[in-house]
$ cat run04.cif   # mmCIF, C-alpha atoms and all ligand atoms
data_work
#
loop_
_atom_site.group_PDB
_atom_site.id
_atom_site.type_symbol
_atom_site.label_atom_id
_atom_site.label_comp_id
_atom_site.auth_asym_id
_atom_site.auth_seq_id
_atom_site.Cartn_x
_atom_site.Cartn_y
_atom_site.Cartn_z
ATOM 1 C CA MET A 1 83.858 -38.950 -49.866
ATOM 2 C CA SER A 2 82.959 -36.142 -52.268
ATOM 3 C CA ALA A 3 79.927 -33.894 -51.729
ATOM 4 C CA ILE A 4 78.346 -35.580 -54.754
ATOM 5 C CA GLN A 5 78.867 -39.100 -53.418
ATOM 6 C CA GLU A 6 77.466 -38.047 -50.043
ATOM 7 C CA SER A 7 74.381 -36.474 -51.607
ATOM 8 C CA ALA A 8 73.877 -39.423 -53.936
ATOM 9 C CA GLN A 9 74.012 -41.856 -51.023
ATOM 10 C CA ALA A 10 71.592 -39.718 -48.999
ATOM 11 C CA LEU A 11 69.257 -39.773 -51.991
ATOM 12 C CA GLU A 12 69.620 -43.544 -52.354
ATOM 13 C CA GLN A 13 68.677 -43.908 -48.683
ATOM 14 C CA ALA A 14 65.690 -41.570 -49.112
ATOM 15 C CA ILE A 15 64.497 -43.693 -52.064
ATOM 16 C CA ARG A 16 64.966 -46.861 -50.037
ATOM 17 C CA ASN A 17 62.874 -45.372 -47.211
ATOM 18 C CA SER A 18 60.198 -43.885 -49.466
ATOM 19 C CA GLU A 19 56.573 -44.908 -49.499
ATOM 20 C CA GLU A 20 56.904 -45.405 -53.253
ATOM 21 C CA PHE A 21 59.788 -47.858 -53.075
ATOM 22 C CA ASN A 22 58.301 -49.807 -50.176
ATOM 23 C CA GLY A 23 54.940 -49.986 -51.928
ATOM 24 C CA LEU A 24 56.724 -51.434 -54.965
ATOM 25 C CA LYS A 25 58.653 -53.893 -52.805
ATOM 26 C CA ASP A 26 55.475 -55.159 -51.137
ATOM 27 C CA ALA A 27 53.655 -55.511 -54.461
ATOM 28 C CA TYR A 28 56.656 -57.263 -56.020
ATOM 29 C CA ASP A 29 57.045 -59.696 -53.113
ATOM 30 C CA THR A 30 53.321 -60.488 -53.218
ATOM 31 C CA VAL A 31 53.531 -61.435 -56.901
ATOM 32 C CA MET A 32 56.812 -63.334 -56.561
ATOM 33 C CA ASN A 33 55.478 -65.396 -53.656
ATOM 34 C CA ASP A 34 52.456 -66.532 -55.703
ATOM 35 C CA GLU A 35 53.581 -69.199 -58.156
ATOM 36 C CA ILE A 36 50.820 -68.572 -60.712
ATOM 37 C CA ALA A 37 51.101 -64.774 -60.526
ATOM 38 C CA LYS A 38 54.881 -65.003 -60.843
ATOM 39 C CA LYS A 39 54.579 -67.108 -63.991
ATOM 40 C CA MET A 40 52.041 -64.710 -65.538
ATOM 41 C CA PHE A 41 54.231 -61.731 -64.715
ATOM 42 C CA ASP A 42 57.367 -63.396 -66.116
ATOM 43 C CA ASP A 43 55.482 -64.263 -69.334
ATOM 44 C CA PHE A 44 54.326 -60.661 -69.617
ATOM 45 C CA ARG A 45 57.849 -59.273 -69.109
ATOM 46 C CA ASN A 46 59.398 -61.742 -71.559
ATOM 47 C CA THR A 47 56.807 -60.930 -74.215
ATOM 48 C CA GLN A 48 57.452 -57.204 -73.747
ATOM 49 C CA LEU A 49 61.227 -57.638 -73.920
ATOM 50 C CA GLU A 50 61.023 -59.764 -77.072
ATOM 51 C CA LEU A 51 58.891 -57.176 -78.875
ATOM 52 C CA GLN A 52 61.126 -54.308 -77.723
ATOM 53 C CA GLN A 53 64.222 -56.109 -78.970
ATOM 54 C CA LYS A 54 62.617 -56.816 -82.336
ATOM 55 C CA GLN A 55 61.564 -53.187 -82.618
ATOM 56 C CA MET A 56 65.038 -51.943 -81.732
ATOM 57 C CA GLN A 57 66.616 -54.260 -84.290
ATOM 58 C CA GLY A 58 64.137 -53.115 -86.934
ATOM 59 C CA GLU A 59 62.663 -56.631 -87.243
ATOM 60 C CA GLU A 60 59.111 -57.136 -88.407
ATOM 61 C CA ILE A 61 56.528 -57.859 -85.724
ATOM 62 C CA THR A 62 53.850 -60.240 -86.984
ATOM 63 C CA GLU A 63 50.112 -59.863 -86.448
ATOM 64 C CA GLU A 64 50.207 -63.042 -84.328
ATOM 65 C CA GLU A 65 52.834 -61.533 -82.049
ATOM 66 C CA VAL A 66 50.835 -58.322 -81.609
ATOM 67 C CA GLU A 67 47.754 -60.404 -80.810
ATOM 68 C CA LYS A 68 49.682 -62.579 -78.349
ATOM 69 C CA ALA A 69 51.089 -59.501 -76.604
ATOM 70 C CA ARG A 70 47.605 -57.942 -76.414
ATOM 71 C CA LYS A 71 46.250 -61.071 -74.738
ATOM 72 C CA VAL A 72 49.106 -61.271 -72.249
ATOM 73 C CA VAL A 73 48.543 -57.599 -71.296
ATOM 74 C CA GLU A 74 44.804 -58.214 -70.958
ATOM 75 C CA THR A 75 45.413 -61.217 -68.707
ATOM 76 C CA VAL A 76 47.848 -59.478 -66.359
ATOM 77 C CA GLN A 77 45.642 -56.385 -66.146
ATOM 78 C CA GLN A 78 42.852 -58.568 -64.809
ATOM 79 C CA HIS A 79 45.102 -60.016 -62.129
ATOM 80 C CA GLU A 80 44.713 -57.807 -59.077
ATOM 81 C CA GLN A 81 48.194 -58.335 -57.597
ATOM 82 C CA ILE A 82 49.956 -57.884 -60.928
ATOM 83 C CA SER A 83 47.934 -54.747 -61.736
ATOM 84 C CA LYS A 84 48.949 -53.400 -58.353
ATOM 85 C CA LEU A 85 52.605 -54.214 -59.072
ATOM 86 C CA MET A 86 52.420 -52.402 -62.418
ATOM 87 C CA GLU A 87 50.893 -49.341 -60.733
ATOM 88 C CA GLU A 88 53.634 -49.327 -58.107
ATOM 89 C CA GLU A 89 56.286 -49.669 -60.811
ATOM 90 C CA GLN A 90 54.791 -46.657 -62.569
ATOM 91 C CA ARG A 91 54.922 -44.615 -59.345
ATOM 92 C CA VAL A 92 58.609 -45.432 -58.813
ATOM 93 C CA ASN A 93 59.356 -44.710 -62.481
ATOM 94 C CA ASP A 94 57.709 -41.302 -62.127
ATOM 95 C CA LEU A 95 59.767 -40.652 -58.996
ATOM 96 C CA ILE A 96 63.045 -41.629 -60.693
ATOM 97 C CA ASN A 97 62.173 -39.465 -63.717
ATOM 98 C CA GLU A 98 61.483 -36.489 -61.448
ATOM 99 C CA ILE A 99 64.817 -37.030 -59.664
ATOM 100 C CA SER A 100 66.543 -37.332 -63.021
ATOM 101 C CA ARG A 101 65.022 -34.028 -64.200
ATOM 102 C CA THR A 102 66.223 -32.327 -61.001
ATOM 103 C CA ILE A 103 69.810 -33.525 -61.136
ATOM 104 C CA THR A 104 70.273 -32.870 -64.860
ATOM 105 C CA LYS A 105 69.023 -29.259 -64.566
ATOM 106 C CA PRO A 106 72.569 -27.839 -64.524
ATOM 107 C CA LEU A 107 73.321 -29.627 -67.814
ATOM 108 C CA GLU A 108 70.045 -28.593 -69.390
ATOM 109 C CA GLU A 109 70.683 -24.983 -68.465
ATOM 110 C CA LEU A 110 74.192 -25.141 -69.876
ATOM 111 C CA TYR A 111 73.237 -26.771 -73.181
ATOM 112 C CA GLY A 112 70.025 -24.750 -73.508
ATOM 113 C CA SER A 113 71.790 -21.413 -73.126
ATOM 114 C CA GLN A 114 72.901 -21.191 -76.770
ATOM 115 C CA GLU A 115 69.473 -21.688 -78.346
ATOM 116 C CA GLY A 116 67.275 -19.069 -79.950
ATOM 117 C CA MET B 1 59.282 -30.952 -49.330
ATOM 118 C CA SER B 2 59.841 -34.701 -49.233
ATOM 119 C CA ALA B 3 63.125 -36.267 -48.102
ATOM 120 C CA ILE B 4 63.667 -37.344 -51.695
ATOM 121 C CA GLN B 5 63.141 -33.872 -53.122
ATOM 122 C CA GLU B 6 65.485 -32.409 -50.503
ATOM 123 C CA SER B 7 68.207 -34.967 -51.260
ATOM 124 C CA ALA B 8 67.743 -34.549 -55.009
ATOM 125 C CA GLN B 9 68.122 -30.780 -54.723
ATOM 126 C CA ALA B 10 71.211 -31.154 -52.522
ATOM 127 C CA LEU B 11 72.649 -33.456 -55.161
ATOM 128 C CA GLU B 12 71.784 -30.985 -57.938
ATOM 129 C CA GLN B 13 73.627 -28.272 -55.992
ATOM 130 C CA ALA B 14 76.635 -30.565 -55.442
ATOM 131 C CA ILE B 15 76.758 -31.245 -59.202
ATOM 132 C CA ARG B 16 76.487 -27.523 -59.943
ATOM 133 C CA ASN B 17 79.419 -26.833 -57.569
ATOM 134 C CA SER B 18 81.544 -29.753 -58.745
ATOM 135 C CA GLU B 19 84.903 -29.455 -60.433
ATOM 136 C CA GLU B 20 83.539 -31.697 -63.189
ATOM 137 C CA PHE B 21 80.534 -29.505 -64.019
ATOM 138 C CA ASN B 22 82.513 -26.273 -63.843
ATOM 139 C CA GLY B 23 85.237 -27.745 -66.041
ATOM 140 C CA LEU B 24 82.565 -28.633 -68.597
ATOM 141 C CA LYS B 25 81.013 -25.183 -68.363
ATOM 142 C CA ASP B 26 84.353 -23.450 -68.981
ATOM 143 C CA ALA B 27 85.169 -25.725 -71.922
ATOM 144 C CA TYR B 28 81.670 -25.259 -73.386
ATOM 145 C CA ASP B 29 81.795 -21.460 -73.043
ATOM 146 C CA THR B 30 85.236 -21.383 -74.655
ATOM 147 C CA VAL B 31 83.949 -23.253 -77.724
ATOM 148 C CA MET B 32 80.669 -21.326 -77.929
ATOM 149 C CA ASN B 33 82.488 -17.978 -77.813
ATOM 150 C CA ASP B 34 84.697 -18.940 -80.786
ATOM 151 C CA GLU B 35 82.651 -18.662 -83.981
ATOM 152 C CA ILE B 36 84.677 -21.193 -85.975
ATOM 153 C CA ALA B 37 84.912 -23.719 -83.111
ATOM 154 C CA LYS B 38 81.175 -23.356 -82.469
ATOM 155 C CA LYS B 39 80.362 -24.091 -86.117
ATOM 156 C CA MET B 40 82.665 -27.140 -86.142
ATOM 157 C CA PHE B 41 81.148 -28.442 -82.925
ATOM 158 C CA ASP B 42 77.582 -27.887 -84.162
ATOM 159 C CA ASP B 43 78.413 -29.744 -87.412
ATOM 160 C CA PHE B 44 79.864 -32.620 -85.378
ATOM 161 C CA ARG B 45 76.801 -32.839 -83.137
ATOM 162 C CA ASN B 46 74.362 -32.642 -86.033
ATOM 163 C CA THR B 47 76.218 -35.358 -87.944
ATOM 164 C CA GLN B 48 76.163 -37.589 -84.845
ATOM 165 C CA LEU B 49 72.454 -36.985 -84.245
ATOM 166 C CA GLU B 50 71.558 -37.712 -87.877
ATOM 167 C CA LEU B 51 73.410 -41.026 -87.836
ATOM 168 C CA GLN B 52 71.923 -41.995 -84.461
ATOM 169 C CA GLN B 53 68.420 -41.264 -85.702
ATOM 170 C CA LYS B 54 68.967 -43.306 -88.851
ATOM 171 C CA GLN B 55 70.320 -46.183 -86.797
ATOM 172 C CA MET B 56 67.383 -46.050 -84.385
ATOM 173 C CA GLN B 57 64.939 -46.039 -87.271
ATOM 174 C CA GLY B 58 66.722 -48.974 -88.866
ATOM 175 C CA GLU B 59 67.612 -46.879 -91.950
ATOM 176 C CA GLU B 60 70.644 -47.732 -94.013
ATOM 177 C CA ILE B 61 73.760 -45.636 -93.457
ATOM 178 C CA THR B 62 75.702 -45.141 -96.663
ATOM 179 C CA GLU B 63 79.457 -45.448 -97.036
ATOM 180 C CA GLU B 64 79.558 -41.723 -97.875
ATOM 181 C CA GLU B 65 77.843 -40.889 -94.595
ATOM 182 C CA VAL B 66 80.242 -43.056 -92.590
ATOM 183 C CA GLU B 67 83.161 -41.388 -94.362
ATOM 184 C CA LYS B 68 81.731 -37.894 -93.748
ATOM 185 C CA ALA B 69 81.218 -38.688 -90.043
ATOM 186 C CA ARG B 70 84.746 -40.046 -89.771
ATOM 187 C CA LYS B 71 86.157 -36.826 -91.236
ATOM 188 C CA VAL B 72 84.072 -34.607 -88.955
ATOM 189 C CA VAL B 73 85.278 -36.570 -85.905
ATOM 190 C CA GLU B 74 88.880 -36.330 -87.111
ATOM 191 C CA THR B 75 88.551 -32.585 -87.580
ATOM 192 C CA VAL B 76 87.064 -31.880 -84.142
ATOM 193 C CA GLN B 77 89.583 -34.163 -82.433
ATOM 194 C CA GLN B 78 92.377 -32.011 -83.824
ATOM 195 C CA HIS B 79 90.775 -28.855 -82.448
ATOM 196 C CA GLU B 80 92.217 -28.316 -78.988
ATOM 197 C CA GLN B 81 89.225 -26.526 -77.454
ATOM 198 C CA ILE B 82 86.698 -28.994 -78.869
ATOM 199 C CA SER B 83 88.783 -31.992 -77.747
ATOM 200 C CA LYS B 84 88.890 -30.448 -74.300
ATOM 201 C CA LEU B 85 85.093 -29.980 -74.359
ATOM 202 C CA MET B 86 84.574 -33.614 -75.369
ATOM 203 C CA GLU B 87 86.842 -34.782 -72.533
ATOM 204 C CA GLU B 88 84.936 -32.660 -70.043
ATOM 205 C CA GLU B 89 81.629 -34.018 -71.360
ATOM 206 C CA GLN B 90 82.947 -37.543 -70.822
ATOM 207 C CA ARG B 91 83.905 -36.711 -67.237
ATOM 208 C CA VAL B 92 80.432 -35.355 -66.466
ATOM 209 C CA ASN B 93 78.824 -38.353 -68.203
ATOM 210 C CA ASP B 94 80.874 -40.696 -66.026
ATOM 211 C CA LEU B 95 79.814 -38.745 -62.963
ATOM 212 C CA ILE B 96 76.107 -38.882 -63.897
ATOM 213 C CA ASN B 97 76.383 -42.624 -64.626
ATOM 214 C CA GLU B 98 77.964 -43.224 -61.232
ATOM 215 C CA ILE B 99 75.184 -41.229 -59.544
ATOM 216 C CA SER B 100 72.630 -43.167 -61.521
ATOM 217 C CA ARG B 101 74.119 -46.502 -60.426
ATOM 218 C CA THR B 102 74.011 -45.346 -56.790
ATOM 219 C CA ILE B 103 70.393 -44.194 -56.772
ATOM 220 C CA THR B 104 69.044 -47.199 -58.678
ATOM 221 C CA LYS B 105 70.714 -49.686 -56.297
ATOM 222 C CA PRO B 106 67.487 -50.277 -54.333
ATOM 223 C CA LEU B 107 65.693 -51.220 -57.572
ATOM 224 C CA GLU B 108 68.518 -53.429 -58.773
ATOM 225 C CA GLU B 109 68.547 -55.260 -55.456
ATOM 226 C CA LEU B 110 64.791 -55.742 -55.584
ATOM 227 C CA TYR B 111 64.649 -57.012 -59.167
ATOM 228 C CA GLY B 112 67.844 -59.029 -58.808
ATOM 229 C CA SER B 113 66.608 -60.923 -55.758
ATOM 230 C CA GLN B 114 64.603 -63.486 -57.732
ATOM 231 C CA GLU B 115 67.417 -64.640 -59.977
ATOM 232 C CA GLY B 116 69.254 -67.928 -59.735
HETATM 233 CA CA CA C 201 67.783 -21.093 -74.315
HETATM 234 CA CA CA C 202 70.251 -62.472 -57.326
#

$ encode --input "run04.cif" --output "structure tokens"
Amino acid sequence: MSAIQESAQALEQAIRNSEEFNGLKDAYDTVMNDEIAKKMFDDFRNTQLELQQKQMQGEEITEEEVEKARKVVETVQQHEQISKLMEEEQRVNDLINEISRTITKPLEELYGSQEG
Amino acid sequence: MSAIQESAQALEQAIRNSEEFNGLKDAYDTVMNDEIAKKMFDDFRNTQLELQQKQMQGEEITEEEVEKARKVVETVQQHEQISKLMEEEQRVNDLINEISRTITKPLEELYGSQEG
């Protein structure tokens, strides 16, 4: 195994053992084991995905769709377990972004060295 | 320092020491130290970026622009040092993608567990 593969697997294990990942796992399991919460969360995700896809394809998003999305967000934000899940997702996202910044430093240094 | 930060920094160092990264660095320096190659490569990158931005913004790409891009690609592909740089970039991209797949495994397992 290369030094990179070894380090990447050590990092994977550290993520798996992290407070952040386990907090996300608990919050996710809580929502998924509650039929009503699961349905609300799935609706929320599907609505988000639909709008993102339309945006990416340059399709028009109607006022009704914006309003529907706003209501779905409002509803899930008032649901304690789903709010918690979204917070935990944000924490793990932040962690992954920080890791990503660290491991792409060599590339940033290389490509930044010709500026200015 | 957290276990994650330690592992991420070890991984950064492994990338920095890798054959792949050093191959890219050599190829990049070779192009950047050759005035004509550097200009060709910069033109190529700028043309790519322009087209990507237009695509992302849903703007129309004219036949002239497609033709111009095709010619720029053809030109850089015939330049030995730039071709070499592009190959080395692909190798490092593949490496980063493999790392990325490894470290996001815990998330994929979590979010995949509710399917089917
Ligand atoms: Ca610089
Ligand atoms: Ca599954």

$ closest_atom_pairs --input "run04.cif" --of "range 62-93 of chain A" --to "range 34-47 of chain A" --cutoff "8 Å" --atoms "all atoms listed in the file" --output "Markdown table"
| residue | atom | partner | partner_atom | distance |
| --- | --- | --- | --- | --- |
| A:Ala69 | CA | A:Thr47 | CA | 6.4 |
| A:Val72 | CA | A:Phe44 | CA | 5.9 |
| A:Val73 | CA | A:Phe44 | CA | 6.8 |
| A:Val76 | CA | A:Met40 | CA | 6.8 |
| A:His79 | CA | A:Ala37 | CA | 7.8 |
| A:Gln81 | CA | A:Ala37 | CA | 7.6 |
| A:Ile82 | CA | A:Phe41 | CA | 6.9 |

$ write_last_selection --input "run04.cif" --atoms "C-alpha atoms" --output "PDB file, in the coordinates of the input"
ATOM      1  CA  ALA A  69      51.089 -59.501 -76.604  1.00  0.00           C
ATOM      2  CA  VAL A  72      49.106 -61.271 -72.249  1.00  0.00           C
ATOM      3  CA  VAL A  73      48.543 -57.599 -71.296  1.00  0.00           C
ATOM      4  CA  VAL A  76      47.848 -59.478 -66.359  1.00  0.00           C
ATOM      5  CA  HIS A  79      45.102 -60.016 -62.129  1.00  0.00           C
ATOM      6  CA  GLN A  81      48.194 -58.335 -57.597  1.00  0.00           C
ATOM      7  CA  ILE A  82      49.956 -57.884 -60.928  1.00  0.00           C
TER       8      ILE A  82
END

$ resolve_selection --input "run04.cif" --expression "the PyMOL selection byres ((chain A) within 6 of (chain B))" --output "list in words"
Ala3, Ile4, Ser7, Leu11, Glu12, Ala14, Gly58 and Ile103 of chain A

$ residues_around --input "run04.cif" --residues "Ile61 in chain A" --least-positions-apart "5" --cutoff "10 Å" --atoms "only C-alpha atoms" --output "list in words"
Glu50, Leu51, Gln52, Lys54, Gln55 and Val66 of chain A

$ residues_around --input "run04.cif" --residues "Glu88 in chain A" --least-positions-apart "3" --cutoff "8 Å" --atoms "only C-alpha atoms" --output "list in words"
Glu20, Gly23, Leu24, Ala27, Lys84, Leu85, Arg91 and Val92 of chain A

$ atom_distance --input "run04.cif" --atom1 "CA of Glu60 in chain A" --atom2 "CA of Gln53 in chain B"
18.6 Å

$ atom_distance --input "run04.cif" --atom1 "CA of Glu19 in chain A" --atom2 "CA of Asp94 in chain B"
29.7 Å

$ atom_distance --input "run04.cif" --atom1 "CA of Asn97 in chain A" --atom2 "CA of Glu109 in chain A"
17.5 Å
